[in-house]
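Everything on this sheet refers to the single structure shown next.
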Protein chains: 2
Amino acid sequence: MEKIRIGIAGYGNLGKGVELAVRQNPDMELAAVFTRRAPESVSLKTPGVPVYKDEQLADKAKELDVLIICGGSATDLPKQTPEMAKYVSVIDSFDTHAKIPEHFAAVDAACKAAGTLGIISVGWDPGLFSLNRLYAESILPNGSSYTFWGKGVSQGHSDAIRRVPGVKRGIQYTVPVEEAMEQVRACKNPELTTRQKHTRECFVVAEEGADKAAIEEAIKTMPNYFDEYDTTVNFITEEEFEANHKGMPHGGFVMRSGKTGDGENTDQMIEFSLKLGSNPEFTSSVLVAYARAAYRMKKEGQSGCKTVFDIAPAYLSPASPEELRAHSL
Amino acid sequence: MEKIRIGIAGYGNLGKGVELAVRQNPDMELAAVFTRRAPESVSLKTPGVPVYKDEQLADKAKELDVLIICGGSATDLPKQTPEMAKYVSVIDSFDTHAKIPEHFAAVDAACKAAGTLGIISVGWDPGLFSLNRLYAESILPNGSSYTFWGKGVSQGHSDAIRRVPGVKRGIQYTVPVEEAMEQVRACKNPELTTRQKHTRECFVVAEEGADKAAIEEAIKTMPNYFDEYDTTVNFITEEEFEANHKGMPHGGFVMRSGKTGDGENTDQMIEFSLKLGSNPEFTSSVLVAYARAAYRMKKEGQSGCKTVFDIAPAYLSPASPEELRAHSL
């Protein structure tokens with residue numbers, strides 16, 4: 001069997017996760033890694049795979065079927081994805097919701113000019129959560145949708161904590177409020193404020209001699225990040241931080257309740273949830289499944305930019321349509 | 001706006017549910033109902049909609065865009081769907097898992113000959129549960145999948161109870177075992193026997209003077225239906241039956257746990273669940289969303305038989321691709 005040749009651009013947490021995910025899929029192989037760093041400074045887990053500078057993509061694209069771009073959404077992907085789509089079909093996990101239309105347009109133009117295929121905003125939110133919102137809203141037009149995140153680490157909020165004077169190390173967990181979720185599950189269609197949906201739990205290692213009360217106050221009142229939430233701040237030792245707060249768990253819940261008929265007993269509830277030990281590794285696994293779709297759609301002659309909404313589910317599976325109908329339907 | 005003209009074939013619980021669901025979708029209208037009964041004996045909730053005999057479909061198909069066929073899987077759909085696909089695009093909820101390949105082939109041949117589009121096995125299982133199995137298995141190839149059903153009414157098991165001598169009325173609920181689900185959620189990958197996954201709860205109104213112990217024994221030892229399960233039989237009065245057991249609730253859970261990496265903290269858990277007040281009305285709502293997809297795909301020039309695996313999610317939503325990207329992704 002000819003394997004799908006996967007490239008990775010950017011070898012951080014996400015890129016490393018893609019490398020691990022490719023190993024779990026026998027119809028794929030890691031063909032090359034592209035980096036902004038010095039290639040010789042990057043040491044892969046997979047022996048024999050070349051590491052190139054990003055600028056070499058134009059020359060090396062013929063070694064790949066699909067390039068999974070593992071940069072950040074703030075500054076990397078808006079440049080990288082349209083640029084790299086000139087040479088090869090691409091997937092990214094662009095997650096700045098408000099800027100998706102703009103990013104889509106840029107990638108679509110690049111892909112159409114080059115005859116490549118791009119899939120943007122792949123992951124779990126945007127990604128699997130978006131899919132579940134779409135399916136549930138299409139099936140239950142008369143209803144209410146809810147998204148809860150957590151329990152999990154928010155990088156943005158953890159970064160914000162670490163900028164507070166006197167904080168040596170810090171991490172923030174977003175926690176969904178169980179009572180709010182129970183109201184939704186009971187089809188009560190509650191109107192929920194920001195504060196009623198999530199709490200924020202912080203673990204901080206303070207610098208020696210730091211004013212802990214001042215740190216706590218600075219965190220809890222921080223605008224945009226914490227002031228609209230019930231926040232708890234726990235001071236812990238560096239050992240405790242090292243032992244219990246090094247993982248990157250996350251997850252969440254997408255729920256939709258609706259009524260189908262006009263009688264009693266017509267409350268309907270659809271719920272999707274994720275409980276992720278490693279957020280970046282899970283996102284990588286979603287990216288790799290969609291790389292299979294990109295490979296197949298490109299082979300069929302399709303080009304341009306797509307999102308998860310445009311991809312028929314069968315494209316994601318290594319099984320044939322016949323096998324899927326016989327065993328998975 | 002031109003509305004999608006929906007036809008219903010078969011006006012039982014499912015057909016009535018389709019009628020209610022069409023009302024919730026402003027881009028659709030109910031155009032006609034087809035029945036095997038005398039048309040004048042069928043009274044719809046929607047005024048002004050014609051009721052025809054099944055045999056009139058050849059003449060009346062031009063009044064429809066998509067026909068939703070609401071017959072049973074055992075004997076109706078294997079005949080009706082390929083026959084009716086000669087005249088118009090069709091959707092059904094064929095749910096005999098083992099016979100899906102055969103049914104697919106028959107509908108595919110009829111659709112291709114006629115230039116129509118068919119979508120078979122639409123609903124929640126097969127249907128949404130199948131989709132969730134496919135997505136989860138494609139994303140986490142190294143893992144285990146579990147499906148639990150209930151709590152809900154099984155028509156087949158309720159029918160079986162009612163055939164026991166001395167039973168006046170009877171209903172059976174399939175109940176998932178909470179401890180088994182908790183093991184799965186904890187990523188313990190348990191090997192579960194039939195008995196460990198579900199229990200069966202029966203409510204029976206006995207005929208006057210019937211031997212209740214004999215009824216209970218007959219139910220609990222019934223091969224294929226109950227002998228492999230822990231079954232409880234509750235005798236209740238007809239009033240209690242009437243008050244508490246007239247609904248058709250159902251639901252269930254599709255779970256997949258997997259490991260992405262080789263480190264700790266790489267347990268990943270995907271869960272999808274439904275809690276349905278009315279099983280037939282929910283199935284109808286899924287059928288109606290897929291009727292929108294059939295309409296659009298046919299308009300694009302596609303034909304032949306499809307399943308939920310072949311339908312890009314965007315086809316289900318009344319929103320445009322631009323709206324979906326801006327607001328739902």
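The chains in the structure tokens are called A, B, ... from first to last as shown; in each chain the residues are counted from 1, and the ligands are counted from 1 in the order shown.
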Practice problem: Apply DSSP to the structure's backbone, then extract all residues of stretch 39-229 of chain A labelled helix (DSSP H, G or I) and return them as a PyMOL selection string. | Solution: chain A and resi 39-41+54-63+76-84+97-114+128-139+155-162+178-185+194-197+212-220
Exercise. Please provide the set of residues having any atom within 9 Å of B:Gly252, restricted to only C-alpha atoms, with same-chain residues fewer than 6 positions apart removed, written as a PyMOL selection string.
Key: chain B and resi 129+147-152+176+272-276
Quiz item: Which of these, A:Asn234, A:Val288, A:Ala9, A:Ser317, has the shortest distance to A:Arg23 once you count only C-alpha atoms?
Solution: A:Val288
Quiz prompt | Of the listed residues A:Ala213, A:Met255, A:Ala31, A:Ala218, that which approaches A:Met269 most closely, counting only C-alpha atoms | solution = A:Met255
Pick out the residues sitting within 12 Å of B:Val184, and hand them over as a compact mmCIF listing (two decimals) with N, CA, C and O atoms, in the first residue's frame; count only C-alpha atoms, and ignore anything fewer than 6 positions along from it in its own chain.
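Saved to around_29.txt:
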# COMPACT_ATOMS: atom_id res chain seq x y z
N LYS A 275 -13.02 14.35 27.33
CA LYS A 275 -12.20 14.42 28.54
C LYS A 275 -10.79 14.02 28.10
O LYS A 275 -10.52 12.86 27.82
N GLY B 143 -7.71 2.51 20.50
CA GLY B 143 -8.70 2.67 21.56
C GLY B 143 -9.80 1.63 21.49
O GLY B 143 -9.73 0.69 20.70
N SER B 144 -10.81 1.81 22.33
CA SER B 144 -11.94 0.88 22.39
C SER B 144 -13.25 1.66 22.33
O SER B 144 -13.37 2.71 22.96
N SER B 145 -14.22 1.11 21.59
CA SER B 145 -15.52 1.76 21.44
C SER B 145 -16.58 1.00 22.20
O SER B 145 -16.54 -0.23 22.27
N TYR B 146 -17.53 1.73 22.73
CA TYR B 146 -18.63 1.14 23.49
C TYR B 146 -19.93 1.84 23.09
O TYR B 146 -19.95 3.07 22.96
N THR B 147 -20.99 1.07 22.93
CA THR B 147 -22.31 1.66 22.76
C THR B 147 -23.22 1.12 23.86
O THR B 147 -23.27 -0.09 24.07
N PHE B 148 -23.87 2.02 24.55
CA PHE B 148 -24.89 1.65 25.54
C PHE B 148 -26.21 2.24 25.07
O PHE B 148 -26.24 3.38 24.60
N VAL B 177 -25.99 -0.08 32.38
CA VAL B 177 -25.46 -0.27 33.74
C VAL B 177 -24.46 0.85 34.05
O VAL B 177 -23.43 0.97 33.39
N GLU B 178 -24.82 1.65 35.03
CA GLU B 178 -24.04 2.85 35.36
C GLU B 178 -22.58 2.51 35.70
O GLU B 178 -21.66 3.21 35.26
N PRO B 190 -12.70 -1.76 29.87
CA PRO B 190 -13.20 -3.06 30.35
C PRO B 190 -13.71 -3.94 29.22
O PRO B 190 -14.18 -3.45 28.20
N GLU B 191 -13.56 -5.25 29.42
CA GLU B 191 -14.23 -6.21 28.53
C GLU B 191 -15.57 -6.47 29.19
O GLU B 191 -15.64 -7.00 30.30
N LEU B 192 -16.65 -6.14 28.53
CA LEU B 192 -17.96 -6.23 29.17
C LEU B 192 -18.83 -7.28 28.49
O LEU B 192 -18.93 -7.31 27.26
N LYS B 197 -23.51 -4.96 30.59
CA LYS B 197 -23.74 -3.67 29.95
C LYS B 197 -25.16 -3.11 30.15
O LYS B 197 -25.34 -1.91 30.28
N PHE B 253 -25.62 5.99 24.66
CA PHE B 253 -24.28 6.56 24.80
C PHE B 253 -23.32 5.88 23.83
O PHE B 253 -23.31 4.65 23.76
N VAL B 254 -22.54 6.65 23.11
CA VAL B 254 -21.43 6.11 22.32
C VAL B 254 -20.15 6.67 22.93
O VAL B 254 -20.00 7.90 23.05
N MET B 255 -19.26 5.79 23.33
CA MET B 255 -18.04 6.24 23.98
C MET B 255 -16.84 5.61 23.29
O MET B 255 -16.90 4.46 22.86
N ARG B 256 -15.78 6.37 23.23
CA ARG B 256 -14.51 5.78 22.80
C ARG B 256 -13.40 6.35 23.66
O ARG B 256 -13.26 7.56 23.82
N SER B 257 -12.62 5.43 24.22
CA SER B 257 -11.45 5.86 24.97
C SER B 257 -10.23 5.40 24.18
O SER B 257 -10.26 4.35 23.54
N GLY B 258 -9.21 6.21 24.21
CA GLY B 258 -8.00 5.84 23.49
C GLY B 258 -6.80 6.52 24.10
O GLY B 258 -6.93 7.43 24.93
N ASP B 267 -4.60 9.58 28.19
CA ASP B 267 -5.92 8.97 28.04
C ASP B 267 -6.88 10.01 27.48
O ASP B 267 -6.99 11.11 28.02
N GLN B 268 -7.58 9.64 26.41
CA GLN B 268 -8.52 10.57 25.78
C GLN B 268 -9.89 9.91 25.74
O GLN B 268 -9.99 8.72 25.45
N MET B 269 -10.93 10.66 26.00
CA MET B 269 -12.28 10.08 26.08
C MET B 269 -13.25 10.94 25.28
O MET B 269 -13.35 12.15 25.51
N ILE B 270 -13.94 10.30 24.34
CA ILE B 270 -14.96 10.98 23.54
C ILE B 270 -16.30 10.34 23.87
O ILE B 270 -16.43 9.12 23.81
N GLU B 271 -17.29 11.14 24.21
CA GLU B 271 -18.60 10.59 24.56
C GLU B 271 -19.72 11.36 23.86
O GLU B 271 -19.71 12.59 23.84
Quiz item: In Å, with one decimal, what is the gap from atom CA of A:Asp54 to atom CA of A:Asp108?
Solution: 20.9 Å
Can you pull out every residue within 7 Å of B:Pro82, counting only C-alpha atoms, but drop anything in the same chain fewer than 3 positions away, and send it as a PDB file with N, CA and C atoms, in the first residue's frame?
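Final output, saved to out-v9.pdb:
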ATOM      1  N   LYS B  79     -38.726  -3.204   0.164  1.00  0.00           N
ATOM      2  CA  LYS B  79     -39.487  -3.052  -1.084  1.00  0.00           C
ATOM      3  C   LYS B  79     -39.699  -1.589  -1.446  1.00  0.00           C
ATOM      4  N   ALA B  85     -37.749   5.108  -5.147  1.00  0.00           N
ATOM      5  CA  ALA B  85     -36.594   5.855  -5.666  1.00  0.00           C
ATOM      6  C   ALA B  85     -36.614   5.959  -7.190  1.00  0.00           C
ATOM      7  N   LYS B  86     -37.471   5.180  -7.834  1.00  0.00           N
ATOM      8  CA  LYS B  86     -37.614   5.311  -9.297  1.00  0.00           C
ATOM      9  C   LYS B  86     -38.218   6.650  -9.685  1.00  0.00           C
ATOM     10  N   ALA B 106     -29.586  -2.226  -3.557  1.00  0.00           N
ATOM     11  CA  ALA B 106     -30.879  -2.138  -4.252  1.00  0.00           C
ATOM     12  C   ALA B 106     -31.270  -0.674  -4.483  1.00  0.00           C
ATOM     13  N   VAL B 107     -31.077   0.149  -3.452  1.00  0.00           N
ATOM     14  CA  VAL B 107     -31.461   1.565  -3.574  1.00  0.00           C
ATOM     15  C   VAL B 107     -30.503   2.287  -4.528  1.00  0.00           C
ATOM     16  N   ALA B 110     -31.496   1.545  -8.122  1.00  0.00           N
ATOM     17  CA  ALA B 110     -32.728   2.252  -8.499  1.00  0.00           C
ATOM     18  C   ALA B 110     -32.461   3.742  -8.689  1.00  0.00           C
TER      19      ALA B 110
END
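Interatomic distance, atom CA of A:Val22 against atom CA of A:Met1: 15.6 Å.
Counting only C-alpha atoms, stretch 222-233 of chain B has the following residues at most 10 Å away, ignoring those fewer than 4 positions along the same chain: Gly156, His157, Ser158, Ala160, Ile161, Val164, Gly170, Ile171, Gln172, Tyr173, Thr174, Thr193, Thr194, Arg195, Gln196, Lys197, His198, Thr199, Arg200, Glu201, Cys202, Phe203, Val204, Lys212, Ala213, Ile215, Glu216, Glu217 and Ala218 of chain B.
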Practice problem: Record the distance separating atom CA of A:Ile119 and atom CA of A:Asp92, expressed in Å with one decimal. | Solution: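 Spanning atom CA of A:Ile119 to atom CA of A:Asp92 is a straight-line distance of 6.6 Å.
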Quiz item: Residues at most 12 Å from A:Ala109, counting only C-alpha atoms, excluding those fewer than 4 positions away in the same chain, as a list of chain:residue names?
Solution: A:Thr81, A:Pro82, A:Glu83, A:Ala85, A:Lys86, A:Glu102, A:His103, A:Phe104, A:Ala105, A:Ala113, A:Ala114, A:Gly115, A:Thr116, A:Leu117, A:Gly118, A:Ser303, A:Gly304, A:Cys305, A:Lys306
Can those selected residues be exported to a file as a PDB file, in the first residue's frame so that it contains C-alpha atoms?
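What ended up in again-v7.pdb:
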ATOM      1  CA  THR A  81      -1.112  28.599   5.852  1.00  0.00           C
ATOM      2  CA  PRO A  82      -1.737  30.715   2.718  1.00  0.00           C
ATOM      3  CA  GLU A  83       1.992  30.805   1.955  1.00  0.00           C
ATOM      4  CA  ALA A  85      -0.692  26.225   0.438  1.00  0.00           C
ATOM      5  CA  LYS A  86       1.082  27.476  -2.689  1.00  0.00           C
ATOM      6  CA  GLU A 102     -10.661  36.258   6.683  1.00  0.00           C
ATOM      7  CA  HIS A 103      -8.305  33.303   7.097  1.00  0.00           C
ATOM      8  CA  PHE A 104     -10.604  31.122   4.979  1.00  0.00           C
ATOM      9  CA  ALA A 105     -10.554  33.654   2.150  1.00  0.00           C
ATOM     10  CA  ALA A 113      -4.396  29.386  -7.547  1.00  0.00           C
ATOM     11  CA  ALA A 114      -2.135  26.412  -6.836  1.00  0.00           C
ATOM     12  CA  GLY A 115      -4.651  23.583  -7.249  1.00  0.00           C
ATOM     13  CA  THR A 116      -4.066  22.451  -3.660  1.00  0.00           C
ATOM     14  CA  LEU A 117      -6.564  21.695  -0.914  1.00  0.00           C
ATOM     15  CA  GLY A 118      -6.614  23.309   2.516  1.00  0.00           C
ATOM     16  CA  SER A 303      -9.112  22.103  -4.473  1.00  0.00           C
ATOM     17  CA  GLY A 304      -9.683  25.253  -2.422  1.00  0.00           C
ATOM     18  CA  CYS A 305     -10.248  25.807   1.281  1.00  0.00           C
ATOM     19  CA  LYS A 306     -12.567  23.596   3.338  1.00  0.00           C
TER      20      LYS A 306
END
Self-check item: Shortest interatomic distance to chain A - which of B:Leu14, B:Ile68, B:Val205, B:Ala314, counting only C-alpha atoms
Solution: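 Looking at the shortest contact to chain A, the residue is B:Ala314.
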Practice problem: Please provide as a list of chain:residue names all residues within 10 Å of A:Gly123, with the sequence filter that same-chain residues fewer than 6 positions apart are discarded (counting only C-alpha atoms). | Solution: A:Asp92, A:Ser93, A:Phe94, A:Asp95, A:Phe129, A:Ser130, A:Asn279, A:Pro280, A:Phe282, A:Thr283, A:Ser284, A:Ser285, A:Val286, A:Leu287, A:Val288, A:Tyr290, A:Val308
Could you write out the selected residues, including all heavy atoms, as a CSV table (one decimal), in the first residue's frame?
chain,number,residue,atom,x,y,z
A,92,ASP,N,-4.6,23.2,9.1
A,92,ASP,CA,-4.2,23.9,10.3
A,92,ASP,C,-5.3,23.8,11.3
A,92,ASP,O,-6.4,23.3,11.1
A,92,ASP,CB,-3.7,25.3,10.0
A,92,ASP,CG,-4.9,26.3,9.7
A,92,ASP,OD1,-6.0,26.1,10.2
A,92,ASP,OD2,-4.6,27.4,9.1
A,93,SER,N,-4.9,24.3,12.5
A,93,SER,CA,-5.9,24.4,13.6
A,93,SER,C,-6.2,25.8,14.1
A,93,SER,O,-6.4,26.1,15.2
A,93,SER,CB,-5.3,23.6,14.8
A,93,SER,OG,-4.1,24.2,15.3
A,94,PHE,N,-6.3,26.7,13.1
A,94,PHE,CA,-6.6,28.1,13.3
A,94,PHE,C,-7.8,28.3,14.2
A,94,PHE,O,-8.9,27.8,13.9
A,94,PHE,CB,-6.8,28.8,12.0
A,94,PHE,CG,-7.0,30.3,12.1
A,94,PHE,CD1,-5.9,31.1,12.3
A,94,PHE,CD2,-8.2,30.9,12.1
A,94,PHE,CE1,-6.0,32.5,12.5
A,94,PHE,CE2,-8.4,32.3,12.2
A,94,PHE,CZ,-7.2,33.1,12.4
A,95,ASP,N,-7.6,28.9,15.4
A,95,ASP,CA,-8.7,28.9,16.4
A,95,ASP,C,-9.1,30.3,16.8
A,95,ASP,O,-9.8,30.4,17.9
A,95,ASP,CB,-8.4,28.0,17.6
A,95,ASP,CG,-7.2,28.5,18.4
A,95,ASP,OD1,-6.6,29.5,18.1
A,95,ASP,OD2,-6.9,27.8,19.4
A,129,PHE,N,-16.3,20.2,18.3
A,129,PHE,CA,-17.4,20.9,19.0
A,129,PHE,C,-18.3,21.7,17.9
A,129,PHE,O,-19.5,21.7,18.0
A,129,PHE,CB,-16.9,21.9,20.0
A,129,PHE,CG,-16.6,21.4,21.4
A,129,PHE,CD1,-16.4,20.0,21.5
A,129,PHE,CD2,-16.6,22.2,22.5
A,129,PHE,CE1,-16.2,19.4,22.8
A,129,PHE,CE2,-16.3,21.6,23.8
A,129,PHE,CZ,-16.1,20.3,23.9
A,130,SER,N,-17.7,22.3,17.0
A,130,SER,CA,-18.4,23.0,15.9
A,130,SER,C,-19.3,22.0,15.2
A,130,SER,O,-20.5,22.3,14.9
A,130,SER,CB,-17.4,23.6,14.9
A,130,SER,OG,-16.3,24.1,15.5
A,279,ASN,N,-4.4,17.8,25.8
A,279,ASN,CA,-5.1,18.7,24.8
A,279,ASN,C,-4.3,18.7,23.5
A,279,ASN,O,-4.9,18.4,22.4
A,279,ASN,CB,-5.3,20.0,25.5
A,279,ASN,CG,-6.0,21.1,24.6
A,279,ASN,OD1,-6.3,20.8,23.4
A,279,ASN,ND2,-6.1,22.3,25.1
A,280,PRO,N,-3.0,19.0,23.5
A,280,PRO,CA,-2.3,19.1,22.2
A,280,PRO,C,-2.3,17.8,21.4
A,280,PRO,O,-2.4,17.7,20.2
A,280,PRO,CB,-0.9,19.6,22.5
A,280,PRO,CG,-0.8,19.5,24.0
A,280,PRO,CD,-2.1,19.5,24.6
A,282,PHE,N,-4.5,15.4,21.5
A,282,PHE,CA,-5.8,15.1,21.0
A,282,PHE,C,-6.0,16.0,19.7
A,282,PHE,O,-6.4,15.5,18.7
A,282,PHE,CB,-6.9,15.4,22.0
A,282,PHE,CG,-8.3,14.9,21.5
A,282,PHE,CD1,-8.6,13.6,21.5
A,282,PHE,CD2,-9.1,15.9,21.0
A,282,PHE,CE1,-9.9,13.2,21.0
A,282,PHE,CE2,-10.4,15.5,20.5
A,282,PHE,CZ,-10.7,14.1,20.5
A,283,THR,N,-5.7,17.2,19.8
A,283,THR,CA,-5.8,18.1,18.6
A,283,THR,C,-5.0,17.6,17.5
A,283,THR,O,-5.5,17.5,16.3
A,283,THR,CB,-5.4,19.6,19.0
A,283,THR,OG1,-6.2,20.0,20.1
A,283,THR,CG2,-5.5,20.5,17.8
A,284,SER,N,-3.8,17.1,17.7
A,284,SER,CA,-3.0,16.5,16.7
A,284,SER,C,-3.7,15.3,16.1
A,284,SER,O,-3.6,15.1,14.8
A,284,SER,CB,-1.6,16.0,17.3
A,284,SER,OG,-1.0,17.1,17.9
A,285,SER,N,-4.3,14.5,16.9
A,285,SER,CA,-5.0,13.3,16.3
A,285,SER,C,-6.1,13.7,15.4
A,285,SER,O,-6.4,13.0,14.4
A,285,SER,CB,-5.5,12.4,17.5
A,285,SER,OG,-4.4,11.9,18.2
A,286,VAL,N,-6.8,14.8,15.7
A,286,VAL,CA,-7.9,15.3,14.8
A,286,VAL,C,-7.3,15.8,13.5
A,286,VAL,O,-7.8,15.5,12.4
A,286,VAL,CB,-8.7,16.4,15.5
A,286,VAL,CG1,-9.9,16.8,14.6
A,286,VAL,CG2,-9.3,15.9,16.9
A,287,LEU,N,-6.2,16.5,13.6
A,287,LEU,CA,-5.5,17.0,12.4
A,287,LEU,C,-5.1,15.9,11.5
A,287,LEU,O,-5.3,16.0,10.3
A,287,LEU,CB,-4.3,17.8,12.9
A,287,LEU,CG,-4.5,19.2,13.5
A,287,LEU,CD1,-3.2,19.7,14.2
A,287,LEU,CD2,-4.9,20.2,12.4
A,288,VAL,N,-4.6,14.8,12.1
A,288,VAL,CA,-4.1,13.7,11.3
A,288,VAL,C,-5.3,13.0,10.6
A,288,VAL,O,-5.2,12.6,9.4
A,288,VAL,CB,-3.3,12.7,12.2
A,288,VAL,CG1,-3.0,11.4,11.5
A,288,VAL,CG2,-1.9,13.4,12.5
A,290,TYR,N,-8.0,14.4,9.6
A,290,TYR,CA,-8.4,15.3,8.5
A,290,TYR,C,-7.4,15.4,7.4
A,290,TYR,O,-7.7,15.7,6.2
A,290,TYR,CB,-8.8,16.7,9.0
A,290,TYR,CG,-10.3,16.7,9.5
A,290,TYR,CD1,-10.6,16.4,10.8
A,290,TYR,CD2,-11.3,16.8,8.6
A,290,TYR,CE1,-11.9,16.3,11.2
A,290,TYR,CE2,-12.6,16.8,9.0
A,290,TYR,CZ,-12.9,16.5,10.3
A,290,TYR,OH,-14.2,16.5,10.7
A,308,VAL,N,-14.2,21.7,8.6
A,308,VAL,CA,-14.8,20.4,9.0
A,308,VAL,C,-16.3,20.2,8.5
A,308,VAL,O,-16.7,19.1,8.3
A,308,VAL,CB,-14.8,20.1,10.5
A,308,VAL,CG1,-13.3,20.0,11.0
A,308,VAL,CG2,-15.5,21.3,11.3
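With distances taken over only C-alpha atoms, A:Phe309 is the one residue among A:Tyr295, A:Tyr11, A:Phe309, A:Trp124 lying closest to chain B.
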Quiz prompt | Given only C-alpha atoms as the counted atoms, nearest of A:Ile120, A:Ala38, A:Ala206, A:Ile139 to chain B | solution =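 Looking only at the distances to chain B, the closest residue turns out to be A:Ile139.
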